[in-house]
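Asks: Data: query.txt, compact mmCIF, C-alpha atoms.
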```
# COMPACT_ATOMS: atom_id res chain seq x y z
CA MET V 1 6.01 21.25 -28.53
CA SER V 2 6.00 24.00 -25.95
CA ASP V 3 2.28 23.45 -25.34
CA LEU V 4 2.94 19.73 -24.79
CA HIS V 5 5.65 20.45 -22.25
CA ASN V 6 3.42 22.95 -20.44
CA ALA V 7 0.46 20.57 -20.35
CA ALA V 8 2.60 17.65 -19.16
CA ALA V 9 4.24 19.69 -16.41
CA TYR V 10 1.01 21.23 -15.12
CA VAL V 11 -1.00 17.99 -15.22
CA ALA V 12 1.76 16.06 -13.45
CA ALA V 13 2.05 18.85 -10.89
CA LEU V 14 -1.67 18.69 -10.12
CA ILE V 15 -1.55 14.89 -9.76
CA ALA V 16 1.42 15.08 -7.40
CA LEU V 17 -0.20 17.85 -5.38
CA GLY V 18 -3.42 15.86 -5.12
CA GLU V 19 -1.53 12.82 -3.81
CA CYS V 20 0.30 15.07 -1.36
CA VAL V 21 -2.98 16.40 0.03
CA ARG V 22 -4.43 12.90 0.22
CA LYS V 23 -1.45 11.61 2.20
CA LEU V 24 -1.51 14.54 4.63
CA ILE V 25 -5.28 14.51 5.20
CA GLY V 26 -6.45 10.97 4.48
CA ASP V 27 -3.67 9.02 6.22
CA ARG V 28 -3.48 10.87 9.54
CA HIS V 29 -4.62 7.78 11.45
CA LEU V 30 -1.69 5.69 10.22
CA PRO V 31 1.49 5.04 12.20
CA ALA V 32 4.98 5.97 10.96
CA ALA V 33 3.77 9.51 10.34
CA LEU V 34 7.26 10.93 9.78
CA SER V 35 8.00 8.74 6.77
CA ARG V 36 4.57 9.52 5.35
CA ASP V 37 5.10 13.25 5.82
CA TYR V 38 8.48 13.10 4.12
CA LEU V 39 6.86 11.53 1.06
CA ALA V 40 3.99 14.02 1.10
CA ILE V 41 6.27 17.05 1.33
CA GLY V 42 8.53 15.56 -1.33
CA LEU V 43 5.53 15.29 -3.65
CA MET V 44 4.65 18.90 -2.90
CA PHE V 45 8.18 20.08 -3.78
CA ALA V 46 8.12 17.97 -6.96
CA SER V 47 4.76 19.47 -7.89
CA VAL V 48 5.88 23.08 -7.47
CA SER V 49 9.17 22.26 -9.20
CA LEU V 50 7.31 21.06 -12.28
CA MET V 51 5.17 24.18 -12.30
CA ALA V 52 8.25 26.38 -12.05
CA GLY V 53 10.03 24.42 -14.79
CA ALA V 54 7.20 24.64 -17.33
CA PRO V 55 8.21 26.83 -20.31
CA ALA V 56 5.19 29.11 -19.81
CA THR V 57 6.07 29.66 -16.15
CA MET V 58 9.72 30.41 -16.96
CA ARG V 59 8.69 32.94 -19.61
CA TRP V 60 6.33 34.54 -17.10
CA THR V 61 9.02 34.80 -14.42
CA ASP V 62 11.53 36.19 -16.92
CA LEU V 63 9.03 38.85 -17.92
CA HIS V 64 7.79 39.88 -14.48
CA THR V 65 10.99 39.56 -12.45
CA GLY V 66 13.41 40.82 -15.06
CA LEU V 67 15.74 37.94 -14.10
CA PRO V 68 16.42 35.49 -16.95
CA HIS V 69 16.40 31.81 -15.95
CA PHE V 70 15.08 32.62 -12.46
CA GLY V 71 12.26 30.10 -12.95
CA TYR V 72 14.81 27.47 -13.90
CA LEU V 73 16.78 28.15 -10.72
CA ILE V 74 13.62 27.69 -8.63
CA HIS V 75 12.82 24.52 -10.56
CA CYS V 76 16.22 23.03 -9.76
CA LEU V 77 16.21 24.02 -6.08
CA LEU V 78 12.72 22.60 -5.52
CA ALA V 79 13.57 19.34 -7.32
CA MET V 80 16.62 19.01 -5.06
CA SER V 81 14.40 19.71 -2.03
CA ALA V 82 12.16 16.85 -3.13
CA MET V 83 15.21 14.57 -3.14
CA VAL V 84 16.05 15.70 0.40
CA CYS V 85 12.58 14.54 1.44
CA MET V 86 13.12 11.20 -0.33
CA ALA V 87 16.38 10.86 1.60
CA GLY V 88 14.45 11.60 4.80
CA PHE V 89 11.97 8.87 3.94
CA LEU V 90 14.78 6.36 3.40
CA ARG V 91 16.29 7.36 6.72
CA THR V 92 13.04 6.92 8.66
CA VAL V 93 12.52 3.43 7.26
CA THR V 94 16.15 2.57 8.07
CA VAL V 95 17.31 1.63 4.59
CA THR V 96 20.11 4.21 4.57
CA THR V 97 22.72 5.18 7.13
CA VAL V 98 23.12 8.74 5.85
CA ARG V 99 21.90 11.11 8.54
CA MET V 100 19.50 13.90 7.64
CA ARG V 101 21.91 16.55 8.88
CA VAL V 102 24.42 15.32 6.30
CA THR V 103 21.81 15.35 3.54
CA VAL V 104 20.64 18.84 4.50
CA ALA V 105 24.25 20.07 4.66
CA LEU V 106 24.86 18.72 1.14
CA PHE V 107 21.68 20.37 -0.08
CA VAL V 108 22.59 23.71 1.48
CA GLY V 109 26.08 23.52 -0.01
CA CYS V 110 24.87 22.57 -3.49
CA GLY V 111 21.95 24.99 -3.36
CA GLY V 112 24.24 27.80 -2.24
CA ALA V 113 26.61 27.03 -5.10
CA LEU V 114 23.74 27.07 -7.61
CA GLY V 115 22.49 30.39 -6.25
CA THR V 116 25.97 31.91 -6.40
CA LEU V 117 26.59 30.76 -9.96
CA TYR V 118 23.20 32.08 -11.02
CA VAL V 119 23.72 35.50 -9.42
CA LEU V 120 27.19 35.88 -10.93
CA PHE V 121 26.64 34.43 -14.40
CA GLY V 122 23.04 33.24 -14.89
CA THR V 123 21.46 36.46 -16.08
CA ALA V 124 24.12 37.05 -18.76
CA ASP V 125 24.18 33.61 -20.42
CA PRO V 126 21.21 32.97 -22.76
CA HIS V 127 21.87 29.21 -22.58
CA PHE V 128 22.45 29.05 -18.85
CA GLY V 129 21.73 25.56 -17.56
CA ILE V 130 21.24 24.17 -21.07
CA SER V 131 24.72 23.99 -22.61
CA GLY V 132 28.16 23.38 -21.17
CA ARG V 133 29.99 25.91 -23.29
CA HIS V 134 30.11 28.45 -20.49
CA PRO V 135 32.05 27.18 -17.42
CA ALA V 136 29.47 28.62 -15.01
CA SER V 137 26.60 26.93 -16.84
CA LEU V 138 28.54 23.67 -16.91
CA ALA V 139 29.27 23.84 -13.18
CA PHE V 140 25.63 24.69 -12.41
CA THR V 141 24.31 21.77 -14.42
CA LEU V 142 26.86 19.27 -13.09
CA ILE V 143 26.07 20.16 -9.48
CA TYR V 144 22.35 19.83 -10.09
CA LEU V 145 22.59 16.59 -12.06
CA GLY V 146 25.07 15.05 -9.61
CA PHE V 147 22.83 15.74 -6.61
CA MET V 148 19.65 14.53 -8.34
CA ILE V 149 21.11 11.38 -9.91
CA THR V 150 22.82 10.34 -6.65
CA TRP V 151 19.66 10.50 -4.59
CA ILE V 152 17.41 9.01 -7.25
CA VAL V 153 19.71 5.99 -7.47
CA ALA V 154 19.76 5.79 -3.66
CA PHE V 155 15.97 5.88 -3.55
CA ILE V 156 15.62 3.16 -6.19
CA CYS V 157 18.02 0.88 -4.29
CA GLY V 158 16.27 1.60 -0.99
CA ALA V 159 12.83 1.00 -2.45
CA TRP V 160 13.89 -2.41 -3.78
CA ARG V 161 15.10 -3.31 -0.30
CA ILE V 162 11.74 -2.26 1.16
CA SER V 163 9.85 -4.31 -1.43
CA ARG V 164 11.52 -7.55 -0.33
CA GLY V 165 9.47 -7.66 2.87
CA ALA V 166 6.24 -6.31 1.38
CA ASP V 167 3.17 -8.19 0.19
CA GLN V 168 2.96 -8.90 -3.52
CA VAL V 169 0.20 -6.35 -4.10
CA VAL V 170 1.99 -3.63 -2.11
CA ARG V 171 5.13 -4.48 -4.06
CA CYS V 172 3.29 -3.39 -7.21
CA GLY V 173 2.91 0.09 -5.73
CA ILE V 174 6.61 0.18 -4.91
CA VAL V 175 7.44 -0.93 -8.45
CA LEU V 176 5.36 1.94 -9.84
CA ALA V 177 7.19 4.42 -7.61
CA VAL V 178 10.57 2.98 -8.61
CA LEU V 179 9.55 3.07 -12.27
CA GLY V 180 8.66 6.74 -11.87
CA MET V 181 12.04 7.47 -10.34
CA GLY V 182 13.66 5.49 -13.13
CA VAL V 183 11.93 7.55 -15.82
CA GLY V 184 13.05 10.75 -14.12
CA LEU V 185 16.58 9.34 -13.88
CA ALA V 186 16.55 8.54 -17.60
CA GLY V 187 15.62 12.15 -18.38
CA LEU V 188 18.47 13.49 -16.25
CA VAL V 189 20.98 11.07 -17.78
CA TRP V 190 19.83 12.13 -21.25
CA LYS V 191 20.43 15.76 -20.28
CA ALA V 192 23.90 14.89 -19.00
CA LEU V 193 24.75 13.12 -22.27
CA THR V 194 23.46 16.09 -24.26
CA LEU V 195 25.61 18.37 -22.15
CA LEU V 196 28.71 16.26 -22.76
CA GLU V 197 27.96 16.21 -26.48
CA THR V 198 27.85 20.01 -26.70
CA ILE V 199 31.20 20.13 -24.91
CA ALA V 200 32.87 17.55 -27.14
CA ARG V 201 31.43 18.77 -30.44
CA THR V 202 31.49 22.53 -30.48
CA GLU V 203 30.22 22.68 -34.06
CA LEU V 204 26.81 21.40 -32.96
CA SER V 205 24.05 23.88 -32.20
CA VAL V 206 22.79 24.03 -28.63
CA ARG V 207 20.00 21.48 -28.23
CA ASN V 208 16.90 22.06 -26.16
CA THR V 209 16.69 19.73 -23.16
CA ASP V 210 12.95 20.04 -22.52
CA LEU V 211 12.70 16.26 -22.94
CA THR V 212 14.06 16.09 -19.40
CA LEU V 213 10.99 17.99 -18.20
CA LEU V 214 8.69 15.46 -19.90
CA ALA V 215 10.57 12.61 -18.22
CA GLU V 216 10.30 14.35 -14.85
CA ALA V 217 6.57 14.88 -15.37
CA LEU V 218 5.94 11.26 -16.32
CA GLY V 219 8.14 10.04 -13.49
CA THR V 220 6.25 12.17 -10.97
CA VAL V 221 2.91 10.81 -12.19
CA LEU V 222 4.13 7.22 -11.85
CA PHE V 223 5.55 7.91 -8.40
CA ALA V 224 2.25 9.45 -7.25
CA ALA V 225 0.36 6.51 -8.78
CA GLY V 226 2.54 4.08 -6.86
CA SER V 227 1.92 5.96 -3.63
CA GLY V 228 -1.83 6.05 -4.23
CA PHE V 229 -1.93 2.38 -5.25
CA ALA V 230 -0.16 1.29 -2.07
CA ALA V 231 -2.57 3.39 0.01
CA ALA V 232 -5.60 1.92 -1.76
CA VAL V 233 -4.38 -1.63 -1.17
CA ARG V 234 -3.75 -0.81 2.49
CA ARG V 235 -7.27 0.52 2.91
CA ILE V 236 -8.75 -2.56 1.24
CA ASP V 237 -6.74 -4.78 3.59
CA GLU V 238 -7.86 -2.75 6.60
CA SER V 239 -11.49 -3.02 5.53
CA ARG V 240 -11.11 -6.78 5.04
CA HIS V 241 -9.49 -7.20 8.46
CA ARG V 242 -12.26 -5.18 10.12
CA ALA V 243 -14.93 -7.29 8.41
CA ARG V 244 -13.13 -10.46 9.45
CA ALA V 245 -12.82 -9.32 13.06
CA GLU V 246 -16.51 -8.40 13.14
CA ALA V 247 -17.51 -11.80 11.72
CA VAL V 248 -15.37 -13.59 14.29
CA ARG V 249 -16.94 -11.50 17.06
CA HIS V 250 -20.46 -12.46 15.94
CA LEU V 251 -19.52 -16.15 15.85
CA TRP V 252 -17.88 -15.77 19.26
CA GLU V 253 -21.14 -14.39 20.66
CA ARG V 254 -23.18 -17.21 19.13
CA LEU V 255 -20.86 -19.85 20.58
CA ARG V 256 -20.82 -18.32 24.06
CA PRO V 257 -22.82 -21.25 25.60
CA VAL V 258 -19.97 -23.58 24.62
CA TRP V 259 -16.77 -21.65 25.30
CA SER V 260 -18.12 -20.07 28.50
CA GLN V 261 -18.17 -23.54 30.08
CA SER V 262 -14.63 -24.41 29.04
CA GLY V 263 -12.97 -21.63 31.02
CA VAL V 264 -10.49 -20.95 28.23
CA TYR V 265 -9.26 -17.37 28.53
CA SER V 266 -12.25 -16.24 30.55
CA GLY V 267 -11.90 -12.95 32.36
CA GLU V 268 -11.65 -9.23 31.78
CA ASP V 269 -9.65 -9.62 28.57
CA ALA V 270 -12.18 -11.88 26.89
CA LEU V 271 -12.96 -9.22 24.26
CA ASP V 272 -9.41 -9.34 22.92
CA PHE V 273 -9.48 -10.57 19.31
CA ARG V 274 -6.86 -13.26 19.82
CA ARG V 275 -8.75 -14.64 22.78
CA GLN V 276 -11.97 -14.60 20.81
CA VAL V 277 -10.30 -16.68 18.10
CA VAL V 278 -9.01 -19.21 20.65
CA GLN V 279 -12.42 -19.47 22.29
CA VAL V 280 -14.16 -19.88 18.91
CA CYS V 281 -11.75 -22.67 17.94
CA ASP V 282 -12.21 -24.34 21.32
CA ALA V 283 -16.00 -24.21 20.99
CA TRP V 284 -15.80 -25.36 17.37
CA LEU V 285 -13.76 -28.42 18.32
CA THR V 286 -16.24 -29.24 21.05
CA LEU V 287 -19.29 -28.90 18.81
CA ARG V 288 -17.90 -31.07 16.03
CA THR V 289 -18.31 -34.03 18.38
CA TYR V 290 -22.06 -33.35 18.56
CA VAL V 291 -22.73 -33.85 14.86
CA ASP V 292 -24.17 -37.27 14.15
CA PRO V 293 -22.60 -38.90 11.06
CA VAL V 294 -26.11 -39.56 9.76
CA LEU V 295 -26.88 -35.84 9.99
CA GLN V 296 -23.59 -35.03 8.26
CA ASN V 297 -24.73 -37.11 5.29
CA ALA V 298 -28.07 -35.30 5.28
CA ILE V 299 -26.32 -31.93 5.31
CA ALA V 300 -24.09 -33.03 2.44
CA SER V 301 -27.15 -34.09 0.43
CA ALA V 302 -28.94 -30.79 1.11
CA VAL V 303 -25.88 -28.80 0.06
CA ALA V 304 -25.32 -30.95 -3.03
CA ARG V 305 -28.83 -30.13 -4.31
CA ARG V 306 -27.87 -26.47 -4.63
CA ARG V 307 -24.78 -27.21 -6.76
CA LEU V 308 -22.64 -24.66 -4.95
CA SER V 309 -19.00 -23.92 -5.66
CA ALA V 310 -16.54 -26.02 -3.70
CA ARG V 311 -15.51 -23.17 -1.36
CA ARG V 312 -19.07 -22.04 -0.64
CA ALA V 313 -20.25 -25.63 -0.20
CA ALA V 314 -17.49 -26.17 2.37
CA ARG V 315 -18.38 -23.12 4.45
CA VAL V 316 -22.14 -23.79 4.16
CA THR V 317 -21.56 -27.33 5.38
CA ALA V 318 -19.42 -26.13 8.27
CA ALA V 319 -21.94 -23.46 9.31
CA ALA V 320 -24.86 -25.91 9.14
CA GLU V 321 -22.99 -28.48 11.22
CA ILE V 322 -22.15 -25.88 13.86
CA ARG V 323 -25.75 -24.66 14.07
CA ILE V 324 -27.11 -28.16 14.49
CA ALA V 325 -24.38 -29.14 16.96
CA LEU V 326 -24.97 -25.98 18.99
CA ALA V 327 -28.66 -26.84 19.26
CA ALA V 328 -27.78 -30.35 20.44
CA PHE V 329 -25.31 -28.97 22.96
CA GLU V 330 -27.84 -26.46 24.36
CA ASN V 331 -30.49 -29.20 24.59
CA GLY V 332 -28.16 -31.27 26.75
CA LEU V 333 -27.62 -34.11 24.30
CA HIS V 334 -24.45 -36.18 24.52
CA ALA V 335 -21.58 -36.09 22.07
CA THR V 336 -22.09 -38.54 19.22
CA SER V 337 -18.55 -38.92 17.84
CA SER V 338 -14.99 -39.11 19.08
CA GLY V 339 -14.08 -35.81 17.44
CA GLN V 340 -11.00 -37.21 15.72
CA SER V 341 -11.86 -35.33 12.54
CA ALA V 342 -12.66 -32.12 14.36
CA ASP V 343 -10.74 -29.25 12.80
CA PRO V 344 -11.48 -25.51 12.76
CA ALA V 345 -10.30 -25.28 9.13
CA PRO V 346 -10.16 -27.89 6.35
CA GLN V 347 -6.53 -28.80 5.69
CA PRO V 348 -5.24 -30.69 2.66
CA THR V 349 -2.28 -32.10 4.61
CA LEU V 350 -1.25 -32.76 8.17
CA LEU V 351 0.84 -29.56 8.17
CA MET V 352 -0.43 -26.51 10.01
CA THR V 353 -2.25 -24.07 7.74
CA ASP V 354 -1.25 -20.45 7.46
CA GLU V 355 -2.70 -18.43 10.34
CA GLN V 356 -4.25 -15.82 8.06
CA GLN V 357 -5.89 -18.51 5.93
CA GLU V 358 -7.38 -20.11 9.02
CA LEU V 359 -8.73 -16.77 10.24
CA ASP V 360 -10.20 -16.13 6.79
CA TRP V 361 -11.89 -19.53 6.90
CA ILE V 362 -13.40 -18.90 10.36
CA ALA V 363 -14.69 -15.52 9.16
CA GLU V 364 -16.24 -17.10 6.04
CA VAL V 365 -18.09 -19.66 8.13
CA ALA V 366 -19.25 -16.91 10.50
CA GLN V 367 -20.55 -14.86 7.57
CA ALA V 368 -22.35 -17.93 6.19
CA TRP V 369 -24.29 -18.38 9.46
CA THR V 370 -27.43 -16.80 7.97
CA ASP V 371 -26.79 -17.89 4.37
CA ASP V 372 -29.95 -19.11 2.60
CA ALA V 373 -28.20 -22.37 1.74
CA VAL V 374 -27.33 -22.90 5.42
CA MET V 375 -30.90 -22.17 6.51
CA ASP V 376 -32.22 -24.60 3.90
CA ALA V 377 -29.78 -27.34 4.94
CA VAL V 378 -30.65 -26.90 8.62
CA GLU V 379 -34.38 -27.01 7.90
CA ARG V 380 -34.07 -30.16 5.80
CA VAL V 381 -31.90 -31.95 8.35
CA CYS V 382 -33.99 -30.89 11.34
CA ALA V 383 -37.13 -32.08 9.60
CA ARG V 384 -35.86 -35.66 9.71
CA ALA V 385 -33.89 -35.46 12.98
CA ASP V 386 -35.01 -36.56 16.44
CA PRO V 387 -36.84 -33.96 18.54
CA GLY V 388 -34.42 -31.85 20.56
CA THR V 389 -31.58 -32.24 18.10
CA CYS V 390 -32.25 -28.91 16.36
CA HIS V 391 -33.81 -25.56 17.12
CA ARG V 392 -36.86 -25.07 14.98
```
Would you kindly transcribe this structure into structure tokens?

Replies:
Amino acid sequence: MSDLHNAAAYVAALIALGECVRKLIGDRHLPAALSRDYLAIGLMFASVSLMAGAPATMRWTDLHTGLPHFGYLIHCLLAMSAMVCMAGFLRTVTVTTVRMRVTVALFVGCGGALGTLYVLFGTADPHFGISGRHPASLAFTLIYLGFMITWIVAFICGAWRISRGADQVVRCGIVLAVLGMGVGLAGLVWKALTLLETIARTELSVRNTDLTLLAEALGTVLFAAGSGFAAAVRRIDESRHRARAEAVRHLWERLRPVWSQSGVYSGEDALDFRRQVVQVCDAWLTLRTYVDPVLQNAIASAVARRRLSARRAARVTAAAEIRIALAAFENGLHATSSGQSADPAPQPTLLMTDEQQELDWIAEVAQAWTDDAVMDAVERVCARADPGTCHR
């Protein structure tokens, strides 16, 4: 079992350290750097704490320092330091009113008490920190467990409050982190119950509490996984937003002949994304009046031949209509319809669609501008249209 505990502690420590390095190096461009740094440093403390608490490490420190249980003392102090960082994270995201100076003062007081108890009694008690039969060992363990359990519960409550305003996918990352903290909490509660049992039933032999180390290792892995999952989702969202903004910019450039004549938001700030969206929508509404109903039917027939999915057929149709209408507009033809059905995004009801959904739709149509299905539909329609209606 000792090999299992060693392997679990070292593997979890490496995973936590890897996530710490990723957060410090890979997320430097992100805002709210203080909260990120608190989490990263907390992961680093948790990583080193697991290494120090591994049975092999504690045997090594006992042998080379000549101080029994010194590795266990370091393990406890570093785990408490990780909780201080978690408290700092909660403070920076304003889900707790406890000031950092109070948290640090509590840590210094508890850490000083642990150090004093260890110096006075730790080297003489073979079961120091494991059983409660010696008053000093009992006091040491109660101080450690009280500090850890208090802040783990505080973090779990704070994380749930944060998750209420998060996206569903990001909430999954928070749930993983909370689950990790919960597993660690279960290990500490089990140790507390074992401690109380040895106090109440003196005839029992002292039980090993290494199961707590396994719980801490698993909890740390889950916490790091939650942190990494949230970061991965954030990067995917950032990449999607960049691609959407680039698609809108390309469509904005293509529709310049239309929106440049409307005077909507023209000026030095025309490159602003929000203004680009307004100008694209304005041009789109104008161009929809240039699509002849006969040509709309021809486009629908050309798209139907390809048997596309409903979503792709909708954006191919929209892109083909815009291309044909833009050609008619540039050739000086007159509007052919009243534009009553003109709408930048298809809506199932009269209610306003979600802004993000509308932006996604505009980006999809922009990306479909050079789609093979769009090119085919435009060619087929232009082949039967009047000269000047389409660009060949």

Asks: Just checking: using all atoms listed in the file, which residue out of V:Ile156, V:Ala298, V:Val108, V:Ala124 ends up closest to Glu379 in chain V?

Replies: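 For Glu379 in chain V, the nearest of the given residues is V:Ala298.
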
Asks: Using only C-alpha atoms, determine which residues lie at most 12 Å from range 248-258 of chain V, disregarding the query and same-chain residues fewer than 6 positions distant; provide the list as a short mmCIF file (atom, residue, chain, number, x, y, z; two decimals) with C-alpha atoms, in the frame of the given file.

Replies:
```cif
data_model
loop_
_atom_site.label_atom_id
_atom_site.label_comp_id
_atom_site.auth_asym_id
_atom_site.auth_seq_id
_atom_site.Cartn_x
_atom_site.Cartn_y
_atom_site.Cartn_z
CA HIS V 241 -9.49 -7.20 8.46
CA ARG V 242 -12.26 -5.18 10.12
CA VAL V 264 -10.49 -20.95 28.23
CA SER V 266 -12.25 -16.24 30.55
CA ALA V 270 -12.18 -11.88 26.89
CA LEU V 271 -12.96 -9.22 24.26
CA ASP V 272 -9.41 -9.34 22.92
CA PHE V 273 -9.48 -10.57 19.31
CA ARG V 274 -6.86 -13.26 19.82
CA ARG V 275 -8.75 -14.64 22.78
CA GLN V 276 -11.97 -14.60 20.81
CA VAL V 277 -10.30 -16.68 18.10
CA VAL V 278 -9.01 -19.21 20.65
CA GLN V 279 -12.42 -19.47 22.29
CA VAL V 280 -14.16 -19.88 18.91
CA CYS V 281 -11.75 -22.67 17.94
CA ASP V 282 -12.21 -24.34 21.32
CA ALA V 283 -16.00 -24.21 20.99
CA TRP V 284 -15.80 -25.36 17.37
CA LEU V 285 -13.76 -28.42 18.32
CA THR V 286 -16.24 -29.24 21.05
CA LEU V 287 -19.29 -28.90 18.81
CA ARG V 288 -17.90 -31.07 16.03
CA TYR V 290 -22.06 -33.35 18.56
CA ALA V 319 -21.94 -23.46 9.31
CA ILE V 322 -22.15 -25.88 13.86
CA ARG V 323 -25.75 -24.66 14.07
CA ALA V 325 -24.38 -29.14 16.96
CA LEU V 326 -24.97 -25.98 18.99
CA ALA V 327 -28.66 -26.84 19.26
CA ALA V 328 -27.78 -30.35 20.44
CA PHE V 329 -25.31 -28.97 22.96
CA GLU V 330 -27.84 -26.46 24.36
CA ASN V 331 -30.49 -29.20 24.59
CA GLY V 332 -28.16 -31.27 26.75
CA GLU V 358 -7.38 -20.11 9.02
CA LEU V 359 -8.73 -16.77 10.24
CA ASP V 360 -10.20 -16.13 6.79
CA TRP V 361 -11.89 -19.53 6.90
CA ILE V 362 -13.40 -18.90 10.36
CA ALA V 363 -14.69 -15.52 9.16
CA GLU V 364 -16.24 -17.10 6.04
CA VAL V 365 -18.09 -19.66 8.13
CA ALA V 366 -19.25 -16.91 10.50
CA GLN V 367 -20.55 -14.86 7.57
CA ALA V 368 -22.35 -17.93 6.19
CA TRP V 369 -24.29 -18.38 9.46
CA THR V 370 -27.43 -16.80 7.97
#
```

Asks: Please produce, as a tab-separated table, a per-residue contact table for range 214-326 of chain V versus range 190-202 of chain V (criterion: any atom at most 12 Å away, all atoms listed in the file considered), showing the nearest atom pair and its distance in Å to one decimal, sorted by chain then residue number.

Replies:
```
residue	atom	partner	partner_atom	distance
V:Leu214	CA	V:Trp190	CA	11.7
V:Ala215	CA	V:Trp190	CA	9.8
V:Glu216	CA	V:Lys191	CA	11.6
```

Asks: Could you take the residues named above and write them with C-alpha atoms, as a PDB file, in the frame of the given file?

Replies:
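That gives us result08.pdb:
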```
ATOM      1  CA  LEU V 214       8.690  15.460 -19.900  1.00  0.00           C
ATOM      2  CA  ALA V 215      10.570  12.610 -18.220  1.00  0.00           C
ATOM      3  CA  GLU V 216      10.300  14.350 -14.850  1.00  0.00           C
TER       4      GLU V 216
END
```

Asks: Find the spatial neighbours of range 96-106 of chain V, counting all atoms listed in the file, within a cut-off of 12 Å - ignore same-chain residues fewer than 3 positions away - and output them as a PyMOL selection string.

Replies: chain V and resi 38+80-93+109-113+143-144+146-148+150-151+154-159+161-162

Asks: As lines of an AutoDock Vina configuration file, please report the centre and edge lengths, rounded to one decimal in Å, of the axis-aligned box that holds all listed atoms of range 173-191 of chain V with 3 Å of padding on each of the six sides.

Replies:
```
center_x = 11.9
center_y = 7.4
center_z = -13.1
size_x = 24.1
size_y = 22.7
size_z = 22.3
```

Asks: The residues within 12 Å of (-33.3, -26.1, 5.3), using all atoms listed in the file and the coordinates of the file, should be reported as a ChimeraX atom specification; which are they?

Replies: /V:298-303,305-306,316-317,320,323-324,370-384,390-392

Asks: If I take CA of Leu213 in chain V and CA of Pro55 in chain V, how far is one from the other in Å, to one decimal?

Replies: 9.5 Å

Asks: Could you please determine the separation between CA of Val153 in chain V and CA of Val11 in chain V in Å, to one decimal place?

Replies: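 Going from CA of Val153 in chain V over to CA of Val11 in chain V, I get 25.2 Å.
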
Asks: By how many Å are CA of Ile130 in chain V and CA of Met181 in chain V apart?

Replies: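 Going from CA of Ile130 in chain V over to CA of Met181 in chain V covers 21.9 Å.
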
Asks: Go through V:Ala243, V:Leu77, V:Leu34, V:Val221 one by one, measure the shortest atom-to-atom distance of each to Ala16 in chain V using all atoms listed in the file, and give the residue with the smallest value.

Replies: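 Comparing V:Ala243, V:Leu77, V:Leu34, V:Val221 against Ala16 in chain V, the winner is V:Val221.
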
Asks: Need to verify the contact set: Arg22 in chain V, 12 Å, all atoms listed in the file, exclusion of same-chain residues closer than 2 positions in sequence. Can you return it as a PyMOL selection string?

Replies: chain V and resi 15-20+24-28+36-37+39-41+43-44+224+227-228+231-232

Asks: For range 142-150 of chain V, which lacks atoms in the input, supply N, CA, C and O atoms and format the output as a PDB file, keeping the file's coordinate frame.

Replies:
```pdb
ATOM      1  N   LEU V 142      26.223  20.443 -13.686  1.00  0.00           N
ATOM      2  CA  LEU V 142      26.860  19.270 -13.090  1.00  0.00           C
ATOM      3  C   LEU V 142      26.495  19.123 -11.617  1.00  0.00           C
ATOM      4  O   LEU V 142      26.262  18.007 -11.129  1.00  0.00           O
ATOM      5  N   ILE V 143      26.448  20.222 -10.893  1.00  0.00           N
ATOM      6  CA  ILE V 143      26.070  20.160  -9.480  1.00  0.00           C
ATOM      7  C   ILE V 143      24.635  19.665  -9.338  1.00  0.00           C
ATOM      8  O   ILE V 143      24.341  18.772  -8.534  1.00  0.00           O
ATOM      9  N   TYR V 144      23.755  20.222 -10.153  1.00  0.00           N
ATOM     10  CA  TYR V 144      22.350  19.830 -10.090  1.00  0.00           C
ATOM     11  C   TYR V 144      22.167  18.361 -10.463  1.00  0.00           C
ATOM     12  O   TYR V 144      21.519  17.584  -9.738  1.00  0.00           O
ATOM     13  N   LEU V 145      22.747  17.960 -11.603  1.00  0.00           N
ATOM     14  CA  LEU V 145      22.590  16.590 -12.060  1.00  0.00           C
ATOM     15  C   LEU V 145      23.239  15.598 -11.084  1.00  0.00           C
ATOM     16  O   LEU V 145      22.685  14.521 -10.817  1.00  0.00           O
ATOM     17  N   GLY V 146      24.394  15.944 -10.554  1.00  0.00           N
ATOM     18  CA  GLY V 146      25.070  15.050  -9.610  1.00  0.00           C
ATOM     19  C   GLY V 146      24.232  14.810  -8.374  1.00  0.00           C
ATOM     20  O   GLY V 146      24.093  13.665  -7.911  1.00  0.00           O
ATOM     21  N   PHE V 147      23.660  15.886  -7.808  1.00  0.00           N
ATOM     22  CA  PHE V 147      22.830  15.740  -6.610  1.00  0.00           C
ATOM     23  C   PHE V 147      21.595  14.913  -6.906  1.00  0.00           C
ATOM     24  O   PHE V 147      21.257  13.974  -6.162  1.00  0.00           O
ATOM     25  N   MET V 148      20.901  15.224  -8.008  1.00  0.00           N
ATOM     26  CA  MET V 148      19.650  14.530  -8.340  1.00  0.00           C
ATOM     27  C   MET V 148      19.897  13.061  -8.656  1.00  0.00           C
ATOM     28  O   MET V 148      19.199  12.172  -8.132  1.00  0.00           O
ATOM     29  N   ILE V 149      20.874  12.765  -9.499  1.00  0.00           N
ATOM     30  CA  ILE V 149      21.110  11.380  -9.910  1.00  0.00           C
ATOM     31  C   ILE V 149      21.535  10.532  -8.719  1.00  0.00           C
ATOM     32  O   ILE V 149      21.088   9.384  -8.554  1.00  0.00           O
ATOM     33  N   THR V 150      22.366  11.088  -7.828  1.00  0.00           N
ATOM     34  CA  THR V 150      22.820  10.340  -6.650  1.00  0.00           C
ATOM     35  C   THR V 150      21.654   9.907  -5.786  1.00  0.00           C
ATOM     36  O   THR V 150      21.540   8.732  -5.390  1.00  0.00           O
TER      37      THR V 150
END
```
